[in-house]
Amino acid sequence: MKGLVIKNTGSWYSVKTDDGQVIESKIKGNFRLKGIRSTNPVAVGDRVELITNQEGTAFISAIEDRRNYIIRKSQNLSKQSHILAANVDQAFLVVTVNYPQTSTIFIDRFLASAEAYRVPVVLIFNKSDLLTADEQRYERMMMTLYQTIGYACYEISATTGEGVAQLIPLLKDKITLLSGNSGVGKSTLINRILPGANLRTAEISDAHNTGMHTTTFSEMLELPDGGYLIDTPGIKGFGTFDMEPEELTSYFKEIFKFSEGCKFNNCTHTHEPGCAVLAAVENHYIAASRYQSYLSMLEDKDENKYREAY
Ligand SMILES: Nc1nc2c(ncn2[C@@H]2O[C@H](COP(=O)(O)OP(=O)(O)OP(=O)(O)O)[C@@H](O)[C@H]2O)c(=O)[nH]1
Ligand SMILES: [Mg+2]
Ligand SMILES: [Zn+2]
């Protein structure tokens, strides 16, 4: 029997079979996946093969090849990763200018890694109802920046419902992953779109202006008109990226465009003469914040040490 993994809590996986039942399942033995050292060998969004038993549960005996996956480094120092979800059509990156504040470096790292896995990203600027006039100006500036690069941006309030209706057509028949820092309102937004979802939400910490990591497991929810939403645990940031400069350049869309004018093929856009990217940064065709994010990812390769700060 085949099915789709819709939830994973510890060693149990909820698998929705093709005939519509949900069967609690465990992994049979310890099959390992090539290439990925992950704390969860099977992830939400995976298509799996099941062997049912008399107790009404099942063993996962095989997993289909993934189209893509979104991964984060585990919180501890081990080099293991955690797969947030597999086989997604698009990601909604939920960000907030304040309460909590999402950093541009976090946004850019998310965008670059999504480019690497070829997952299209839509930016959702949430909590518009809380912003002061200055914060709103800053938000509009950010939206313009990312729209210019080529990412669709939406301003919403998951609490008041303002702007949420524009998102509905984007979701039809698609598997959409919601990601972002803890406390930005991912679960609140899903509850707004799917009132029956009843996902747990919690206020952010007054003292630190950060979320409380309320959602602890990824979960896939079916949309009435076709498609799925995946709620995921808030992420603090990413581990290091170990990419060649040319590869990294291609994950920053606008930097990539300008890099075609660089004098040297293997230009790292840091010090080389005739670098078209450096010239574009100087002339403000490339935002300083984006260039800083590029540099921070480039440094990862040299240092190759774990950082948690983003
Ligand atoms: N004012 C306002 N509050 C919001 C909005 N969206 C979410 N919140 C509040 O922000 C807090 C955090 O929301 P959650 O939905 O739990 O955030 P989350 O992104 O799921 O967080 P994690 O599960 O920890 O990753 C809750 O108190 C929500 O009520 C919004 O648009 N406006
Ligand atoms: Mg949540
Ligand atoms: Zn260059």
# chains A, B, ... in the order shown; residues from 1 in each chain; ligands from 1
$ residues_around --residues "region 165-172 of chain A" --least-positions-apart "2" --cutoff "10 Å" --atoms "only C-alpha atoms" --output "number ranges by chain"
A: 89-90, 92, 122, 124, 154-156, 161-163, 174-176, 193, 223-229
$ residues_near_ligand --ligand "ligand 1" --cutoff "8 Å" --atoms "only C-alpha atoms and all ligand atoms" --output "ChimeraX atom specification"
/A:94,99,126-130,156-161,179-189,200-204,211-216,231-235
$ residues_near_ligand --ligand "ligand 3" --cutoff "9 Å" --atoms "only C-alpha atoms and all ligand atoms" --output "ChimeraX atom specification"
/A:255,258-279
$ write_last_selection --atoms "C-alpha atoms" --output "PDB file, in the first residue's frame"
ATOM      1  CA  ILE A 255      23.972  39.182  -8.276  1.00  0.00           C
ATOM      2  CA  PHE A 258      25.417  41.350 -12.881  1.00  0.00           C
ATOM      3  CA  SER A 259      28.144  38.687 -12.578  1.00  0.00           C
ATOM      4  CA  GLU A 260      27.892  38.083 -16.310  1.00  0.00           C
ATOM      5  CA  GLY A 261      29.773  41.366 -16.727  1.00  0.00           C
ATOM      6  CA  CYS A 262      32.687  40.380 -14.454  1.00  0.00           C
ATOM      7  CA  LYS A 263      36.120  40.283 -16.069  1.00  0.00           C
ATOM      8  CA  PHE A 264      37.044  36.885 -14.601  1.00  0.00           C
ATOM      9  CA  ASN A 265      34.968  33.743 -14.892  1.00  0.00           C
ATOM     10  CA  ASN A 266      35.806  32.608 -11.389  1.00  0.00           C
ATOM     11  CA  CYS A 267      35.214  36.029  -9.843  1.00  0.00           C
ATOM     12  CA  THR A 268      34.138  35.809  -6.176  1.00  0.00           C
ATOM     13  CA  HIS A 269      32.943  39.457  -6.262  1.00  0.00           C
ATOM     14  CA  THR A 270      35.036  40.412  -3.263  1.00  0.00           C
ATOM     15  CA  HIS A 271      38.222  42.109  -4.518  1.00  0.00           C
ATOM     16  CA  GLU A 272      38.763  41.257  -8.189  1.00  0.00           C
ATOM     17  CA  PRO A 273      39.480  44.003 -10.723  1.00  0.00           C
ATOM     18  CA  GLY A 274      36.759  44.421 -13.328  1.00  0.00           C
ATOM     19  CA  CYS A 275      34.070  42.981 -11.012  1.00  0.00           C
ATOM     20  CA  ALA A 276      30.653  44.064 -12.274  1.00  0.00           C
ATOM     21  CA  VAL A 277      28.969  42.992  -9.023  1.00  0.00           C
ATOM     22  CA  LEU A 278      31.140  45.277  -6.875  1.00  0.00           C
ATOM     23  CA  ALA A 279      30.396  48.119  -9.278  1.00  0.00           C
TER      24      ALA A 279
END
$ closest_residue --among "A:Leu199, A:Tyr291, A:Val97, A:Val121" --to "Ala133 (chain A)" --atoms "only C-alpha atoms"
A:Val97
$ closest_residue --among "A:Val164, A:Ala91, A:Ala58, A:Ala197" --to "ligand 2" --atoms "only C-alpha atoms and all ligand atoms"
A:Ala197
$ select_by_dssp --residues "region 5-202 of chain A" --states "strand (DSSP E or B)" --output "count of residues only"
60
$ atom_distance --atom1 "CA of Tyr69 (chain A)" --atom2 "CA of Ala152 (chain A)"
21.0 Å
$ atom_distance --atom1 "CA of Ser218 (chain A)" --atom2 "CA of Lys16 (chain A)"
14.8 Å
$ atom_distance --atom1 "CA of Pro195 (chain A)" --atom2 "CA of Ile83 (chain A)"
26.8 Å
$ closest_residue --among "A:Tyr146, A:Arg109, A:Glu222, A:Ser81" --to "Phe125 (chain A)" --atoms "only C-alpha atoms"
A:Tyr146
$ select_by_dssp --residues "region 37-224 of chain A" --states "alpha helix (DSSP H)" --output "NGL selection string"
:A and (104-116 or 133-149 or 168-171 or 186-193)
$ closest_residue --among "A:Asp173, A:Glu246, A:Asn191, A:Val119" --to "ligand 2" --atoms "only C-alpha atoms and all ligand atoms"
A:Asn191
$ residues_around --residues "region 61-67 of chain A" --least-positions-apart "2" --cutoff "12 Å" --atoms "only C-alpha atoms" --output "PyMOL selection string"
chain A and resi 1-5+15+25-34+36+41-52+58-59+69-70+83+85-90+117-119
$ write_last_selection --atoms "N, CA and C atoms" --output "compact mmCIF listing (two decimals), in the first residue's frame"
# COMPACT_ATOMS: atom_id res chain seq x y z
N MET A 1 0.85 -1.19 0.00
CA MET A 1 0.00 0.00 0.00
C MET A 1 0.89 1.25 0.00
N LYS A 2 0.45 2.26 -0.75
CA LYS A 2 1.25 3.49 -0.81
C LYS A 2 0.55 4.65 -0.12
N GLY A 3 1.30 5.61 0.35
CA GLY A 3 0.68 6.75 1.01
C GLY A 3 1.61 7.94 1.12
N LEU A 4 1.06 9.00 1.72
CA LEU A 4 1.75 10.28 1.86
C LEU A 4 1.95 10.55 3.36
N VAL A 5 3.18 10.88 3.75
CA VAL A 5 3.44 11.18 5.16
C VAL A 5 2.92 12.58 5.48
N VAL A 15 0.48 8.37 8.06
CA VAL A 15 0.54 8.22 6.60
C VAL A 15 -0.89 8.15 6.06
N SER A 25 2.38 4.83 11.52
CA SER A 25 3.40 3.92 10.99
C SER A 25 4.76 4.19 11.61
N LYS A 26 5.58 3.14 11.56
CA LYS A 26 6.97 3.26 12.01
C LYS A 26 7.89 2.80 10.89
N ILE A 27 9.15 3.17 11.04
CA ILE A 27 10.11 2.74 10.02
C ILE A 27 10.54 1.31 10.29
N LYS A 28 10.61 0.54 9.25
CA LYS A 28 11.05 -0.85 9.41
C LYS A 28 12.57 -0.90 9.40
N GLY A 29 13.10 -1.53 10.43
CA GLY A 29 14.56 -1.66 10.53
C GLY A 29 15.18 -0.27 10.57
N ASN A 30 16.36 -0.15 10.02
CA ASN A 30 16.91 1.20 9.92
C ASN A 30 17.45 1.43 8.53
N PHE A 31 16.52 1.60 7.58
CA PHE A 31 17.04 1.88 6.25
C PHE A 31 17.56 3.31 6.20
N ARG A 32 18.67 3.46 5.55
CA ARG A 32 19.33 4.75 5.49
C ARG A 32 19.22 5.32 4.10
N LEU A 33 19.11 6.63 4.04
CA LEU A 33 19.03 7.26 2.73
C LEU A 33 20.42 7.68 2.30
N LYS A 34 20.66 7.51 1.02
CA LYS A 34 21.96 7.92 0.51
C LYS A 34 22.14 9.43 0.64
N ILE A 36 22.16 11.90 2.68
CA ILE A 36 21.70 12.85 3.69
C ILE A 36 21.86 12.24 5.08
N PRO A 41 14.82 10.18 8.85
CA PRO A 41 15.02 9.61 7.51
C PRO A 41 13.79 9.75 6.62
N VAL A 42 12.61 9.82 7.23
CA VAL A 42 11.39 10.01 6.46
C VAL A 42 10.80 11.35 6.90
N ALA A 43 10.28 12.14 5.95
CA ALA A 43 9.80 13.47 6.29
C ALA A 43 8.36 13.66 5.81
N VAL A 44 7.71 14.66 6.38
CA VAL A 44 6.38 15.04 5.91
C VAL A 44 6.48 15.40 4.42
N GLY A 45 5.56 14.86 3.64
CA GLY A 45 5.60 15.10 2.19
C GLY A 45 6.18 13.92 1.42
N ASP A 46 6.82 13.00 2.14
CA ASP A 46 7.37 11.82 1.45
C ASP A 46 6.25 10.88 1.03
N ARG A 47 6.44 10.27 -0.14
CA ARG A 47 5.56 9.18 -0.57
C ARG A 47 6.24 7.88 -0.15
N VAL A 48 5.51 7.03 0.55
CA VAL A 48 6.12 5.82 1.10
C VAL A 48 5.29 4.58 0.79
N GLU A 49 5.95 3.45 0.96
CA GLU A 49 5.31 2.14 0.80
C GLU A 49 5.06 1.59 2.21
N LEU A 50 3.86 1.06 2.43
CA LEU A 50 3.51 0.56 3.76
C LEU A 50 3.25 -0.94 3.76
N ILE A 51 3.62 -1.55 4.89
CA ILE A 51 3.19 -2.94 5.13
C ILE A 51 2.35 -2.91 6.40
N THR A 52 1.06 -3.15 6.27
CA THR A 52 0.18 -3.05 7.44
C THR A 52 0.27 -4.32 8.28
N ALA A 58 1.35 0.24 10.81
CA ALA A 58 2.07 -0.24 9.63
C ALA A 58 3.56 0.04 9.76
N PHE A 59 4.30 -0.63 8.92
CA PHE A 59 5.72 -0.35 8.77
C PHE A 59 5.94 0.38 7.45
N TYR A 69 13.57 18.92 -1.16
CA TYR A 69 13.28 18.94 0.28
C TYR A 69 13.82 20.22 0.87
N ILE A 70 13.24 20.60 2.00
CA ILE A 70 13.73 21.77 2.73
C ILE A 70 14.34 21.24 4.01
N ILE A 83 15.02 17.28 8.08
CA ILE A 83 14.25 17.63 6.88
C ILE A 83 12.88 18.13 7.32
N ALA A 85 10.41 19.21 5.31
CA ALA A 85 9.39 18.65 4.43
C ALA A 85 10.02 18.27 3.10
N ALA A 86 9.38 17.35 2.40
CA ALA A 86 9.86 16.91 1.10
C ALA A 86 8.78 17.12 0.05
N ASN A 87 9.21 17.19 -1.21
CA ASN A 87 8.28 17.26 -2.35
C ASN A 87 7.32 18.44 -2.30
N VAL A 88 7.85 19.62 -2.02
CA VAL A 88 6.96 20.80 -1.96
C VAL A 88 6.97 21.53 -3.31
N ASP A 89 5.84 22.17 -3.63
CA ASP A 89 5.74 22.94 -4.87
C ASP A 89 6.22 24.37 -4.68
N GLN A 90 6.01 24.88 -3.47
CA GLN A 90 6.43 26.27 -3.21
C GLN A 90 6.54 26.47 -1.70
N TYR A 117 17.45 24.26 -4.04
CA TYR A 117 16.55 23.10 -4.18
C TYR A 117 15.46 23.35 -5.21
N ARG A 118 15.55 24.49 -5.90
CA ARG A 118 14.57 24.86 -6.93
C ARG A 118 13.14 24.91 -6.41
N VAL A 119 12.98 25.46 -5.22
CA VAL A 119 11.64 25.65 -4.65
C VAL A 119 11.29 27.13 -4.77
$ closest_residue --among "A:Ser38, A:Asn198, A:Gln292, A:Ser250" --to "ligand 2" --atoms "only C-alpha atoms and all ligand atoms"
A:Asn198
